[in-house]
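Shown below: my_file_26.txt, with compact mmCIF, C-alpha atoms.
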```
# COMPACT_ATOMS: atom_id res chain seq x y z
CA MET A 245 41.48 1.96 -16.00
CA THR A 246 40.02 0.91 -19.37
CA THR A 247 40.89 2.81 -22.54
CA GLU A 248 39.16 2.75 -25.92
CA ASN A 249 41.80 0.36 -27.21
CA ASP A 250 40.88 -2.15 -24.47
CA ILE A 251 37.20 -2.36 -25.52
CA PRO A 252 36.66 -5.16 -28.06
CA GLU A 253 34.65 -4.57 -31.19
CA GLY A 254 31.16 -5.97 -31.31
CA THR A 255 27.65 -5.63 -32.68
CA PRO A 256 25.39 -3.29 -30.66
CA LEU A 257 22.21 -4.99 -29.46
CA ILE A 258 18.83 -4.03 -28.04
CA MET A 259 17.84 -6.69 -25.51
CA ALA A 260 15.07 -7.88 -23.19
CA ALA A 261 14.92 -9.98 -20.04
CA SER A 262 11.82 -11.47 -18.48
CA ALA A 263 10.85 -13.51 -15.44
CA PRO A 264 11.26 -16.26 -14.51
CA ILE A 265 14.81 -17.32 -15.36
CA LYS A 266 14.72 -19.58 -18.44
CA LEU A 267 17.69 -21.40 -19.93
CA PHE A 268 17.99 -22.13 -23.66
CA ALA A 269 20.65 -24.59 -24.81
CA LYS A 270 22.21 -25.17 -28.22
CA ASP A 271 21.21 -28.84 -28.12
CA ARG A 272 20.65 -31.66 -25.63
CA ARG A 273 24.39 -32.01 -25.03
CA ASP A 274 24.53 -28.39 -23.86
CA ARG A 275 23.80 -29.10 -20.20
CA TRP A 276 23.43 -27.03 -17.05
CA ASN A 277 24.05 -28.89 -13.79
CA PRO A 278 25.83 -26.77 -11.15
CA THR A 279 26.12 -28.26 -7.68
CA LEU A 280 24.61 -26.70 -4.58
CA GLU A 281 28.11 -25.82 -3.39
CA GLN A 282 28.86 -24.02 -6.68
CA ILE A 283 25.62 -22.08 -6.36
CA ASN A 284 26.32 -21.09 -2.74
CA ARG A 285 29.92 -20.11 -3.49
CA SER A 286 29.15 -18.43 -6.85
CA THR A 287 31.58 -20.70 -8.68
CA TYR A 288 29.13 -21.89 -11.34
CA ASP A 289 29.89 -21.53 -15.06
CA TYR A 290 29.17 -17.83 -15.51
CA LEU A 291 30.56 -17.84 -19.06
CA LYS A 292 27.73 -20.05 -20.25
CA LEU A 293 25.19 -17.53 -18.95
CA ASN A 294 26.85 -14.88 -21.13
CA ARG A 295 26.89 -17.06 -24.24
CA VAL A 296 24.60 -17.06 -27.27
CA SER A 297 22.72 -20.31 -27.85
CA GLY A 298 21.15 -19.59 -31.23
CA PHE A 299 18.54 -17.67 -33.18
CA ILE A 300 14.77 -17.83 -33.74
CA ASP A 301 12.28 -16.09 -36.00
CA GLY A 302 11.26 -13.00 -34.03
CA ASN A 303 8.74 -11.58 -36.55
CA VAL A 304 11.33 -9.08 -37.82
CA ALA A 305 12.46 -10.74 -41.07
CA PRO A 306 14.97 -10.64 -42.67
CA TYR A 307 16.65 -10.39 -39.27
CA ALA A 308 16.68 -13.20 -36.73
CA MET A 309 16.25 -12.79 -32.99
CA LEU A 310 19.23 -13.79 -30.88
CA VAL A 311 18.64 -16.05 -27.86
CA GLY A 312 21.06 -16.13 -24.94
CA PHE A 313 21.65 -19.21 -22.81
CA ASP A 314 20.24 -17.26 -19.84
CA GLY A 315 16.97 -16.59 -21.68
CA THR A 316 17.65 -13.02 -22.79
CA LEU A 317 16.43 -12.01 -26.25
CA ALA A 318 18.23 -9.59 -28.53
CA LEU A 319 18.02 -7.79 -31.87
CA PRO A 320 20.62 -5.73 -33.70
CA ALA A 321 20.32 -2.15 -32.48
CA PHE A 322 19.13 -0.77 -35.81
CA PRO A 323 17.04 2.43 -35.69
CA GLU A 324 13.82 0.49 -36.37
CA PHE A 325 14.38 -1.65 -33.25
CA SER A 326 16.31 0.60 -30.87
CA ARG A 327 13.36 2.65 -29.58
CA ARG A 328 12.38 1.19 -26.21
CA ASP A 329 8.63 1.09 -26.93
CA LYS A 330 9.10 -0.55 -30.32
CA ALA A 331 11.55 -3.12 -28.94
CA LEU A 332 9.20 -3.91 -26.05
CA GLN A 333 6.36 -4.55 -28.49
CA ILE A 334 8.48 -6.93 -30.59
CA PHE A 335 9.89 -8.85 -27.62
CA ASN A 336 6.55 -9.18 -25.82
CA ARG A 337 4.88 -10.63 -28.90
CA VAL A 338 7.54 -13.36 -28.99
CA LEU A 339 7.16 -13.89 -25.24
CA LEU A 340 3.38 -14.29 -25.68
CA GLU A 341 4.00 -16.80 -28.47
CA MET A 342 6.40 -18.59 -26.15
CA LEU A 343 3.77 -18.71 -23.39
CA LEU A 344 1.00 -19.97 -25.67
CA GLY A 345 3.43 -22.49 -27.15
CA GLY A 346 3.98 -24.10 -23.76
CA ILE A 347 7.01 -22.35 -22.21
CA TYR A 348 5.96 -20.31 -19.20
CA THR A 349 7.12 -16.71 -19.22
CA GLU A 350 5.98 -13.33 -17.99
CA ALA A 351 6.04 -9.96 -19.72
CA ALA A 352 9.11 -7.82 -20.17
CA THR A 353 8.68 -4.32 -18.75
CA PRO A 354 10.04 -1.08 -20.25
CA ALA A 355 12.76 -1.11 -17.59
CA ASP A 356 13.84 -4.59 -18.74
CA ILE A 357 14.79 -3.34 -22.20
CA PHE A 358 18.50 -2.57 -22.29
CA GLN A 359 21.58 -2.39 -24.49
CA GLY A 360 24.22 -5.00 -25.07
CA VAL A 361 27.04 -5.88 -27.40
CA LEU A 362 27.67 -9.15 -29.22
CA TYR A 363 31.33 -10.08 -29.54
CA LYS A 364 32.65 -12.20 -32.38
CA THR A 365 33.42 -14.88 -29.81
CA GLY A 366 29.69 -15.56 -29.38
CA TYR A 367 29.42 -13.91 -25.97
CA VAL A 368 27.30 -10.90 -25.03
CA ARG A 369 28.04 -8.08 -22.62
CA ILE A 370 24.84 -6.53 -21.26
CA PHE A 371 24.28 -3.02 -19.86
CA PRO A 372 21.10 -3.12 -17.76
CA GLU A 373 19.60 -0.01 -16.24
CA SER A 374 16.84 -0.31 -13.66
CA GLY A 375 14.64 -3.31 -14.48
CA SER A 376 14.49 -6.04 -11.84
CA SER A 377 14.79 -8.87 -14.38
CA ALA A 378 17.58 -7.10 -16.26
CA LYS A 379 19.57 -6.43 -13.09
CA LEU A 380 19.11 -10.02 -11.93
CA HIS A 381 20.43 -11.36 -15.24
CA SER A 382 23.40 -9.00 -15.02
CA ALA A 383 24.24 -10.10 -11.47
CA LEU A 384 23.93 -13.81 -12.30
CA ARG A 385 26.09 -13.38 -15.42
CA ASP A 386 28.71 -11.58 -13.33
CA ARG A 387 28.53 -13.95 -10.33
CA SER A 388 27.79 -10.94 -8.13
CA ALA A 389 24.26 -11.98 -7.10
CA SER A 390 23.38 -13.04 -3.57
CA SER A 391 22.99 -16.70 -2.65
CA ILE A 392 19.22 -16.13 -2.46
CA ASP A 393 19.26 -15.06 -6.12
CA ASN A 394 21.79 -17.71 -7.13
CA ILE A 395 19.47 -20.48 -5.97
CA ARG A 396 17.25 -19.72 -8.97
CA LEU A 397 19.92 -21.33 -11.13
CA LEU A 398 19.71 -24.65 -9.31
CA ASP A 399 17.96 -27.61 -10.94
CA LEU A 400 16.96 -25.60 -14.01
CA LYS A 401 16.39 -27.76 -17.07
CA PRO A 402 17.38 -25.98 -20.30
CA THR A 403 15.08 -25.93 -23.31
CA THR A 404 16.87 -26.47 -26.60
CA ILE A 405 16.74 -23.81 -29.29
CA LYS A 406 14.99 -26.33 -31.52
CA ASP A 407 12.23 -26.88 -28.94
CA LEU A 408 11.99 -23.14 -28.31
CA ALA A 409 11.49 -22.51 -32.02
CA LYS A 410 8.74 -25.15 -32.10
CA ALA A 411 6.99 -23.58 -29.10
CA VAL A 412 7.15 -20.10 -30.61
CA LYS A 413 5.77 -21.47 -33.88
CA ARG A 414 2.85 -23.12 -32.05
CA GLY A 415 2.13 -19.94 -30.17
CA ARG A 416 2.38 -17.83 -33.32
CA ARG A 417 -0.38 -19.84 -34.99
CA ILE A 418 -2.64 -19.04 -32.05
CA VAL A 419 -1.68 -15.36 -31.94
CA ASP A 420 -2.24 -15.00 -35.69
CA LYS A 421 -5.74 -16.46 -35.28
CA CYS A 422 -6.52 -13.94 -32.53
CA ASP A 423 -5.19 -10.77 -34.13
CA PRO A 424 -5.77 -7.88 -33.93
CA LEU A 425 -4.82 -8.25 -30.28
CA SER A 426 -2.53 -6.18 -28.05
CA HIS A 427 0.07 -8.83 -27.27
CA GLU A 428 1.77 -6.89 -24.49
CA ILE A 429 -1.57 -6.29 -22.75
CA VAL A 430 -2.43 -10.01 -22.79
CA LEU A 431 0.98 -10.88 -21.38
CA SER A 432 0.83 -8.07 -18.80
CA GLY A 433 -2.59 -9.29 -17.65
CA CYS A 434 -1.18 -12.77 -17.06
CA SER A 435 1.91 -11.40 -15.29
CA HIS A 436 -0.18 -9.15 -13.01
CA PHE A 437 -2.41 -12.13 -12.18
CA VAL A 438 0.59 -14.19 -11.11
CA SER A 439 1.95 -11.36 -8.94
CA GLY A 440 -1.43 -10.91 -7.24
CA SER A 441 -2.03 -7.41 -8.65
CA LEU A 442 -5.68 -8.18 -9.30
CA ALA A 443 -6.90 -4.71 -10.31
CA GLU A 444 -4.14 -4.36 -12.90
CA ALA A 445 -4.68 -7.94 -14.06
CA LEU A 446 -8.43 -7.46 -14.48
CA THR A 447 -7.93 -4.22 -16.40
CA CYS A 448 -5.53 -5.84 -18.88
CA LEU A 449 -7.48 -9.10 -19.16
CA TRP A 450 -10.79 -7.32 -19.76
CA THR A 451 -9.22 -5.04 -22.38
CA SER A 452 -8.02 -8.16 -24.22
CA ILE A 453 -11.45 -9.77 -23.85
CA GLU A 454 -13.08 -6.73 -25.43
CA GLN A 455 -10.64 -6.90 -28.35
CA LEU A 456 -11.50 -10.55 -29.00
CA VAL A 457 -15.24 -9.98 -28.62
CA SER A 458 -14.94 -7.15 -31.16
CA ARG A 459 -13.06 -9.50 -33.48
CA LEU A 460 -15.82 -12.12 -33.23
CA TRP A 461 -18.48 -9.44 -33.68
CA GLU A 462 -16.87 -8.11 -36.83
CA ALA A 463 -16.32 -11.59 -38.27
CA GLU A 464 -19.69 -13.13 -37.42
CA VAL A 465 -22.17 -10.24 -37.19
CA ALA A 466 -21.14 -6.90 -38.67
CA GLY A 467 -19.04 -8.46 -41.42
CA LYS A 468 -21.80 -10.83 -42.53
CA ALA A 469 -24.75 -8.45 -42.29
CA SER A 470 -26.30 -7.40 -45.57
CA THR A 471 -26.75 -3.65 -45.95
CA GLU A 472 -28.75 -3.92 -49.15
CA GLY A 473 -31.94 -1.91 -48.84
CA VAL A 474 -31.11 -0.77 -45.30
CA PRO A 475 -29.09 2.44 -45.36
CA ARG A 476 -26.50 2.91 -42.61
CA ARG A 477 -27.05 -0.59 -41.18
CA GLY A 478 -23.33 -1.33 -41.35
CA GLY A 479 -22.52 1.77 -39.30
CA PHE A 480 -25.27 0.92 -36.82
CA LEU A 481 -23.82 -2.55 -36.18
CA LYS A 482 -20.40 -1.03 -35.53
CA ASP A 483 -21.72 1.64 -33.15
CA TYR A 484 -20.22 0.81 -29.76
CA ARG A 485 -22.73 3.08 -28.01
CA VAL A 486 -25.51 0.74 -29.10
CA TRP A 487 -23.67 -2.57 -29.23
CA THR A 488 -21.79 -2.58 -25.95
CA THR A 489 -19.60 -5.53 -25.06
CA SER A 490 -22.36 -7.10 -22.97
CA ALA A 491 -24.84 -6.78 -25.85
CA ARG A 492 -22.35 -8.27 -28.27
CA ILE A 493 -21.65 -11.21 -25.95
CA GLU A 494 -25.40 -11.83 -25.61
CA LEU A 495 -25.94 -11.93 -29.37
CA LEU A 496 -22.86 -14.12 -29.91
CA PHE A 497 -24.35 -16.46 -27.30
CA GLN A 498 -27.68 -16.53 -29.15
CA LYS A 499 -25.81 -17.35 -32.36
CA LYS A 500 -24.16 -20.26 -30.47
CA ILE A 501 -20.66 -18.92 -31.04
CA VAL A 502 -20.22 -18.32 -27.30
CA ASP A 503 -21.37 -21.20 -25.08
CA ALA A 504 -22.82 -21.03 -21.56
CA GLU A 505 -19.51 -21.73 -19.77
CA LEU A 506 -17.74 -18.92 -21.59
CA TYR A 507 -20.75 -16.62 -21.15
CA CYS A 508 -20.71 -17.13 -17.36
CA SER A 509 -16.97 -16.40 -17.12
CA LEU A 510 -17.34 -13.22 -19.16
CA ASN A 511 -20.32 -12.07 -17.10
CA GLU A 512 -18.47 -12.49 -13.81
CA ALA A 513 -15.42 -10.70 -15.16
CA ARG A 514 -17.51 -7.87 -16.65
CA LYS A 515 -19.34 -7.22 -13.38
CA ALA A 516 -16.06 -7.12 -11.42
CA ARG A 517 -14.54 -4.78 -13.98
CA ASN A 518 -17.55 -2.42 -13.82
CA ASP A 519 -17.51 -2.47 -10.01
CA PHE A 520 -13.83 -1.55 -10.07
CA VAL A 521 -14.20 1.23 -12.65
CA HIS A 522 -17.33 2.83 -11.17
CA SER A 523 -16.85 2.39 -7.42
CA GLY A 524 -13.20 1.45 -6.96
CA GLU A 525 -14.13 -1.94 -5.54
CA GLN A 526 -11.07 -4.16 -5.70
CA PRO A 527 -11.69 -7.34 -7.71
CA SER A 528 -11.63 -10.71 -6.01
CA LEU A 529 -9.33 -13.56 -6.97
CA SER A 530 -12.40 -15.49 -8.15
CA ALA A 531 -13.55 -12.71 -10.49
CA THR A 532 -10.05 -12.11 -11.87
CA THR A 533 -9.64 -15.85 -12.43
CA ALA A 534 -12.93 -15.74 -14.36
CA ALA A 535 -11.44 -12.99 -16.54
CA LEU A 536 -8.32 -15.10 -17.14
CA SER A 537 -10.50 -18.10 -18.01
CA GLY A 538 -12.71 -16.00 -20.28
CA LEU A 539 -9.72 -14.64 -22.18
CA PHE A 540 -8.15 -18.06 -22.71
CA TYR A 541 -11.53 -19.54 -23.69
CA LEU A 542 -11.88 -16.79 -26.31
CA MET A 543 -8.36 -17.35 -27.63
CA SER A 544 -9.06 -21.08 -27.83
CA LEU A 545 -12.31 -20.33 -29.65
CA CYS A 546 -10.52 -18.22 -32.25
CA ALA A 547 -7.60 -20.65 -32.59
CA THR A 548 -9.92 -23.64 -33.27
CA ASP A 549 -12.41 -21.83 -35.51
CA TYR A 550 -15.05 -21.99 -32.73
CA ALA A 551 -14.64 -25.74 -32.19
CA ASP A 552 -13.20 -25.86 -28.65
CA ILE A 553 -12.82 -23.36 -25.81
CA HIS A 554 -10.54 -25.64 -23.78
CA THR A 555 -7.56 -25.93 -26.14
CA LEU A 556 -5.43 -23.64 -23.98
CA ASP A 557 -6.53 -24.99 -20.59
CA ASP A 558 -3.08 -26.42 -19.83
CA ILE A 559 -1.45 -23.03 -20.46
CA ARG A 560 -4.04 -21.26 -18.31
CA ALA A 561 -3.51 -23.81 -15.51
CA LYS A 562 0.22 -23.01 -15.45
CA ILE A 563 -0.63 -19.35 -14.91
CA GLU A 564 -3.25 -20.01 -12.24
CA CYS A 565 -1.00 -22.29 -10.18
CA ARG A 566 1.69 -19.59 -10.03
CA CYS A 567 -0.58 -16.91 -8.57
CA ILE A 568 0.79 -15.87 -5.19
CA LEU A 569 -2.77 -15.44 -3.86
CA ARG A 570 -3.86 -19.00 -4.51
CA PRO A 571 -4.79 -20.93 -1.35
CA ARG A 572 -1.83 -22.65 0.25
CA GLN A 573 -1.69 -25.42 2.78
CA ARG A 574 -1.01 -24.13 6.28
CA GLY A 575 1.25 -25.71 8.84
CA PRO A 576 4.61 -27.48 8.61
CA ILE A 577 5.90 -28.45 5.18
CA ALA A 578 6.34 -32.17 4.69
CA ASN A 579 9.98 -33.20 4.52
CA ASP A 580 9.54 -34.86 1.14
CA ASN A 581 8.39 -31.50 -0.29
CA VAL A 582 11.61 -29.73 0.73
CA GLY A 583 14.43 -29.84 -1.80
CA TYR A 584 16.84 -27.36 -0.21
CA TRP A 585 16.77 -25.19 2.87
CA ARG A 586 18.94 -22.89 4.91
CA GLU A 587 18.69 -21.69 8.49
CA ILE A 588 17.35 -18.18 9.02
CA ARG A 589 18.68 -15.86 11.68
CA PRO A 590 16.57 -16.12 14.87
CA LEU A 591 14.94 -13.04 16.38
CA PRO A 592 14.08 -12.12 19.97
CA GLY A 593 10.80 -13.84 20.75
CA GLU A 594 11.78 -17.04 18.93
CA LYS A 595 13.01 -19.91 21.05
CA GLN A 596 16.11 -20.38 18.91
CA PHE A 597 17.37 -16.87 19.76
CA LYS A 598 20.22 -16.67 22.23
CA GLY A 599 21.85 -13.41 23.17
CA ARG A 600 21.19 -9.98 24.57
CA PHE A 601 18.68 -7.50 23.20
CA THR A 602 16.83 -4.38 24.29
CA PRO A 603 13.19 -5.29 25.00
CA PHE A 604 10.41 -3.16 23.57
CA ASP A 605 6.95 -3.93 24.92
CA LEU A 606 4.76 -3.09 21.95
CA GLN A 607 1.06 -3.87 21.68
CA PHE A 608 -1.68 -2.70 19.36
CA GLU A 609 -3.93 -0.13 21.04
CA PRO A 610 -7.11 1.71 19.97
CA ILE A 611 -6.46 5.01 18.18
CA GLU A 612 -8.47 6.81 20.87
CA SER A 613 -5.79 5.89 23.42
CA PHE A 614 -3.42 8.43 21.85
CA ASP A 615 -5.93 10.54 19.86
CA PRO A 616 -9.03 11.17 22.02
CA LYS A 617 -10.68 13.28 19.28
CA HIS A 618 -10.41 10.57 16.61
CA SER A 619 -14.07 9.47 16.76
CA LYS A 620 -15.32 13.06 16.54
CA LYS A 621 -13.08 13.84 13.54
CA THR A 622 -14.19 10.66 11.77
CA ALA A 623 -17.84 11.57 12.29
CA LEU A 624 -17.25 15.07 10.87
CA ARG A 625 -15.48 13.69 7.79
CA THR A 626 -18.34 11.26 7.18
CA ALA A 627 -20.92 14.03 7.50
CA ASP A 628 -19.03 16.24 5.04
CA SER A 629 -18.53 13.54 2.40
CA PRO A 630 -21.00 13.44 -0.55
CA ALA A 631 -23.68 10.80 -0.32
CA ALA A 632 -23.13 7.70 -2.42
CA LYS A 633 -25.20 7.80 -5.55
CA PRO A 634 -26.86 4.72 -7.04
CA ARG A 635 -25.59 3.68 -10.45
CA ALA A 636 -26.76 1.43 -13.21
CA GLU A 637 -25.25 -2.05 -13.23
CA ASP A 638 -23.81 -1.41 -16.68
CA ILE A 639 -23.10 1.92 -18.36
CA ASP A 640 -22.90 1.99 -22.14
CA GLY A 641 -19.49 2.65 -23.57
CA THR A 642 -17.58 1.66 -20.43
CA GLU A 643 -17.94 -2.10 -20.58
```

Could you render the structure as structure tokens?
Amino acid sequence: MTTENDIPEGTPLIMAASAPIKLFAKDRRDRWNPTLEQINRSTYDYLKLNRVSGFIDGNVAPYAMLVGFDGTLALPAFPEFSRRDKALQIFNRVLLEMLLGGIYTEAATPADIFQGVLYKTGYVRIFPESGSSAKLHSALRDRSASSIDNIRLLDLKPTTIKDLAKAVKRGRRIVDKCDPLSHEIVLSGCSHFVSGSLAEALTCLWTSIEQLVSRLWEAEVAGKASTEGVPRRGGFLKDYRVWTTSARIELLFQKKIVDAELYCSLNEARKARNDFVHSGEQPSLSATTAALSGLFYLMSLCATDYADIHTLDDIRAKIECRCILRPRQRGPIANDNVGYWREIRPLPGEKQFKGRFTPFDLQFEPIESFDPKHSKKTALRTADSPAAKPRAEDIDGTE
């Protein structure tokens, strides 16, 4: 039993964890090289995963953001940071800067914001709640994770705090050029894309596209338009009911701010978004990829003062290649592409299975075989449903 006297003093923290596992070292001598046996037996250096590696500028001056060796981020649990929504906003901006600076990361979720305590020894005790990333970090720190989770720690190459700071600085220059932009929505769109949640990805990506189109519109059209002698012209140019996103993109194209390649990506994404909003049609991988491309082209455009839409192509490619829906080669995996493997338990029906089991002859059958009235009920439901109504391709105010 632990008493109050047994609990060491420390600084309360508000923390965040995000996928995938990232390691940040003090310097190049601060290595991470557990063996496969240590991973399988959970005898790796768990203390290092609980250790602080350094600090970076987390946009909350005069305070610095703490960085753990296991990739967790932390701030002192002051009132201005301790609210979950506020902390999530701060951490996700830094994570977006990290992504745009060249270090792949996904968004932190509200459930991945948790409390911790920094001891004077330089180690951090974390208290995760329900988030999958937070619970994984806790289990790995405690050496209580399964071998399937432990394997994530194998062959990881740490990034030094110095290189992390450089990446965040590079990403911050891009983010600053794109503001005002909802950083957590951009990052969530990328994370949903990777996980294959295309509807959620398209919604977030298109929202971010609209924000950047509005930024370009204000900077290059509404902000430069003379209102002398034309009453209420400024208000007219800012009226979203008249200047929908599609109309704004068209005029930006005519002004040669948006080129044909970007225009085509935005058009494909816009159509998929409208189809989803108005008819519930699930977006395709192709259309959602077009939205991802369109967003990164727009961010590149803003970051380079309209000089180049391909500046962030390498970052976008890292996101695209991680999407679980991307086409994969079928058939056996070549031996030279296998780093580690373990045998899975055989099941009845597989030739490797040996033993006794109770057979269950199960085959798919038509619904009518056990519900003879199914066809009649389906016909009645169809007859009672309202007829589909035609809609316009684009509806003002919902683009």

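Atom to atom, atom CA of A:Ser377 and atom CA of A:Ala531 stand 28.9 Å apart.
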
Which residue gives the smallest distance to A:Glu462 among A:Gly440, A:Pro603, A:Pro424, A:Pro402, with all atoms listed in the file counted?
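Selected residue with least distance to A:Glu462: A:Pro424.
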
Could you check which of A:Phe268, A:Phe335, A:Tyr363, A:Phe299 is closest to A:Pro256, using only C-alpha atoms?
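Under the stated criterion, the closest residue is A:Tyr363.
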
Return as CSV the residues of stretch 344-441 of chain A lying at most 12 Å from stretch 572-585 of chain A, together with the closest atom-to-atom pair for each and the distance in Å to one decimal, counting all atoms listed in the file, with rows in chain order and ascending residue number.
```
residue,atom,partner,partner_atom,distance
A:Ser391,CA,A:Trp585,CA,11.9
A:Ile392,CA,A:Trp585,CA,10.8
A:Ile395,CA,A:Tyr584,CA,9.4
A:Arg396,CA,A:Tyr584,CA,11.6
A:Leu398,CA,A:Tyr584,CA,9.9
A:Asp399,CA,A:Gly583,CA,10.0
```

For atom CA of A:Thr316 and atom CA of A:Ala260, determine how far apart the two atoms are, in Å to one decimal place.
5.8 Å

Using only C-alpha atoms, which residues sit within 10 Å of A:Arg570 once same-chain residues fewer than 3 positions away are excluded, as JSON, numbers by chain?
{"A": [438, 440, 529, 530, 564, 565, 566, 567, 573]}

Best match for closeness to A:Ser528 among A:Arg514, A:Thr548, A:Gly593, A:Ala443, counting all atoms listed in the file
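Using all atoms listed in the file, A:Ser528 sits closest to A:Ala443.
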
Report the distance between atom CA of A:Lys364 and atom CA of A:Leu310 in Å, rounded to one decimal place.
13.6 Å

Can you tell me which residues surround A:Asp557 at a distance of at most 9 Å, considering only C-alpha atoms, apart from same-chain residues fewer than 5 positions away, and format the answer as a list in words?
Ser537, Phe540, Tyr541, Ser544 and Lys562 of chain A

Show me as a PDB file with C-alpha atoms, keeping the file's coordinate frame the residues that reach within 10 Å of (5.6, -23.9, -20.2), counting all atoms listed in the file and using the file's own coordinates.
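Listed below is the output, part28.pdb:
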```
ATOM      1  CA  MET A 342       6.400 -18.590 -26.150  1.00  0.00           C
ATOM      2  CA  LEU A 343       3.770 -18.710 -23.390  1.00  0.00           C
ATOM      3  CA  LEU A 344       1.000 -19.970 -25.670  1.00  0.00           C
ATOM      4  CA  GLY A 345       3.430 -22.490 -27.150  1.00  0.00           C
ATOM      5  CA  GLY A 346       3.980 -24.100 -23.760  1.00  0.00           C
ATOM      6  CA  ILE A 347       7.010 -22.350 -22.210  1.00  0.00           C
ATOM      7  CA  TYR A 348       5.960 -20.310 -19.200  1.00  0.00           C
ATOM      8  CA  THR A 349       7.120 -16.710 -19.220  1.00  0.00           C
ATOM      9  CA  ALA A 411       6.990 -23.580 -29.100  1.00  0.00           C
ATOM     10  CA  ASP A 558      -3.080 -26.420 -19.830  1.00  0.00           C
ATOM     11  CA  ILE A 559      -1.450 -23.030 -20.460  1.00  0.00           C
ATOM     12  CA  LYS A 562       0.220 -23.010 -15.450  1.00  0.00           C
ATOM     13  CA  ILE A 563      -0.630 -19.350 -14.910  1.00  0.00           C
TER      14      ILE A 563
END
```

With distances taken over only C-alpha atoms, which of A:Pro590, A:Gly415, A:Pro372, A:Gly599 is nearest to A:Leu556?
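Of the candidates, the smallest distance to A:Leu556 is held by A:Gly415.
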
Near-A:Gln333 list (12 Å; only C-alpha atoms; drop same-chain fewer than 5 positions) as an MDAnalysis selection string:
chainID A and resid 260 302:304 324:328 338:340 351:354 357 425:432

Using all atoms listed in the file, can you tell me which of A:Gln455, A:Ser435, A:Asn394, A:Ser262 comes closest to A:Arg285?
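Checking each of A:Gln455, A:Ser435, A:Asn394, A:Ser262 against A:Arg285, counting all atoms listed in the file, the winner is A:Asn394.
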
Residue neighbourhood stretch 290-295 of chain A, 12 Å, only C-alpha atoms, exclusion window fewer than 5 positions, as number ranges by chain:
A: 265-270, 274-278, 282-283, 310-317, 360-370, 380-389, 394, 397, 402

How would stretch 389-402 of chain A look with N, CA and C atoms restored, written as an mmCIF file, keeping the file's coordinate frame?
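Heads up, here's the output in out10.cif:
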```
data_model
loop_
_atom_site.group_PDB
_atom_site.id
_atom_site.type_symbol
_atom_site.label_atom_id
_atom_site.label_comp_id
_atom_site.auth_asym_id
_atom_site.auth_seq_id
_atom_site.Cartn_x
_atom_site.Cartn_y
_atom_site.Cartn_z
ATOM 1 N N ALA A 389 25.571 -11.891 -7.748
ATOM 2 C CA ALA A 389 24.260 -11.980 -7.100
ATOM 3 C C ALA A 389 24.400 -12.629 -5.725
ATOM 4 N N SER A 390 23.393 -12.423 -4.889
ATOM 5 C CA SER A 390 23.380 -13.040 -3.570
ATOM 6 C C SER A 390 23.062 -14.528 -3.695
ATOM 7 N N SER A 391 23.294 -15.268 -2.620
ATOM 8 C CA SER A 391 22.990 -16.700 -2.650
ATOM 9 C C SER A 391 21.491 -16.933 -2.811
ATOM 10 N N ILE A 392 20.675 -16.004 -2.298
ATOM 11 C CA ILE A 392 19.220 -16.130 -2.460
ATOM 12 C C ILE A 392 18.844 -16.043 -3.929
ATOM 13 N N ASP A 393 19.517 -15.163 -4.684
ATOM 14 C CA ASP A 393 19.260 -15.060 -6.120
ATOM 15 C C ASP A 393 19.908 -16.213 -6.882
ATOM 16 N N ASN A 394 21.089 -16.608 -6.457
ATOM 17 C CA ASN A 394 21.790 -17.710 -7.130
ATOM 18 C C ASN A 394 20.978 -18.995 -7.147
ATOM 19 N N ILE A 395 20.194 -19.211 -6.096
ATOM 20 C CA ILE A 395 19.470 -20.480 -5.970
ATOM 21 C C ILE A 395 18.499 -20.683 -7.125
ATOM 22 N N ARG A 396 18.138 -19.597 -7.807
ATOM 23 C CA ARG A 396 17.250 -19.720 -8.970
ATOM 24 C C ARG A 396 17.890 -20.529 -10.087
ATOM 25 N N LEU A 397 19.207 -20.608 -10.073
ATOM 26 C CA LEU A 397 19.920 -21.330 -11.130
ATOM 27 C C LEU A 397 20.007 -22.824 -10.861
ATOM 28 N N LEU A 398 19.572 -23.248 -9.683
ATOM 29 C CA LEU A 398 19.710 -24.650 -9.310
ATOM 30 C C LEU A 398 18.579 -25.480 -9.893
ATOM 31 N N ASP A 399 18.924 -26.634 -10.418
ATOM 32 C CA ASP A 399 17.960 -27.610 -10.940
ATOM 33 C C ASP A 399 17.128 -27.072 -12.108
ATOM 34 N N LEU A 400 17.649 -26.083 -12.817
ATOM 35 C CA LEU A 400 16.960 -25.600 -14.010
ATOM 36 C C LEU A 400 17.250 -26.529 -15.186
ATOM 37 N N LYS A 401 16.215 -26.892 -15.908
ATOM 38 C CA LYS A 401 16.390 -27.760 -17.070
ATOM 39 C C LYS A 401 16.313 -26.903 -18.336
ATOM 40 N N PRO A 402 17.408 -26.810 -19.092
ATOM 41 C CA PRO A 402 17.380 -25.980 -20.300
ATOM 42 C C PRO A 402 16.441 -26.521 -21.365
#
```
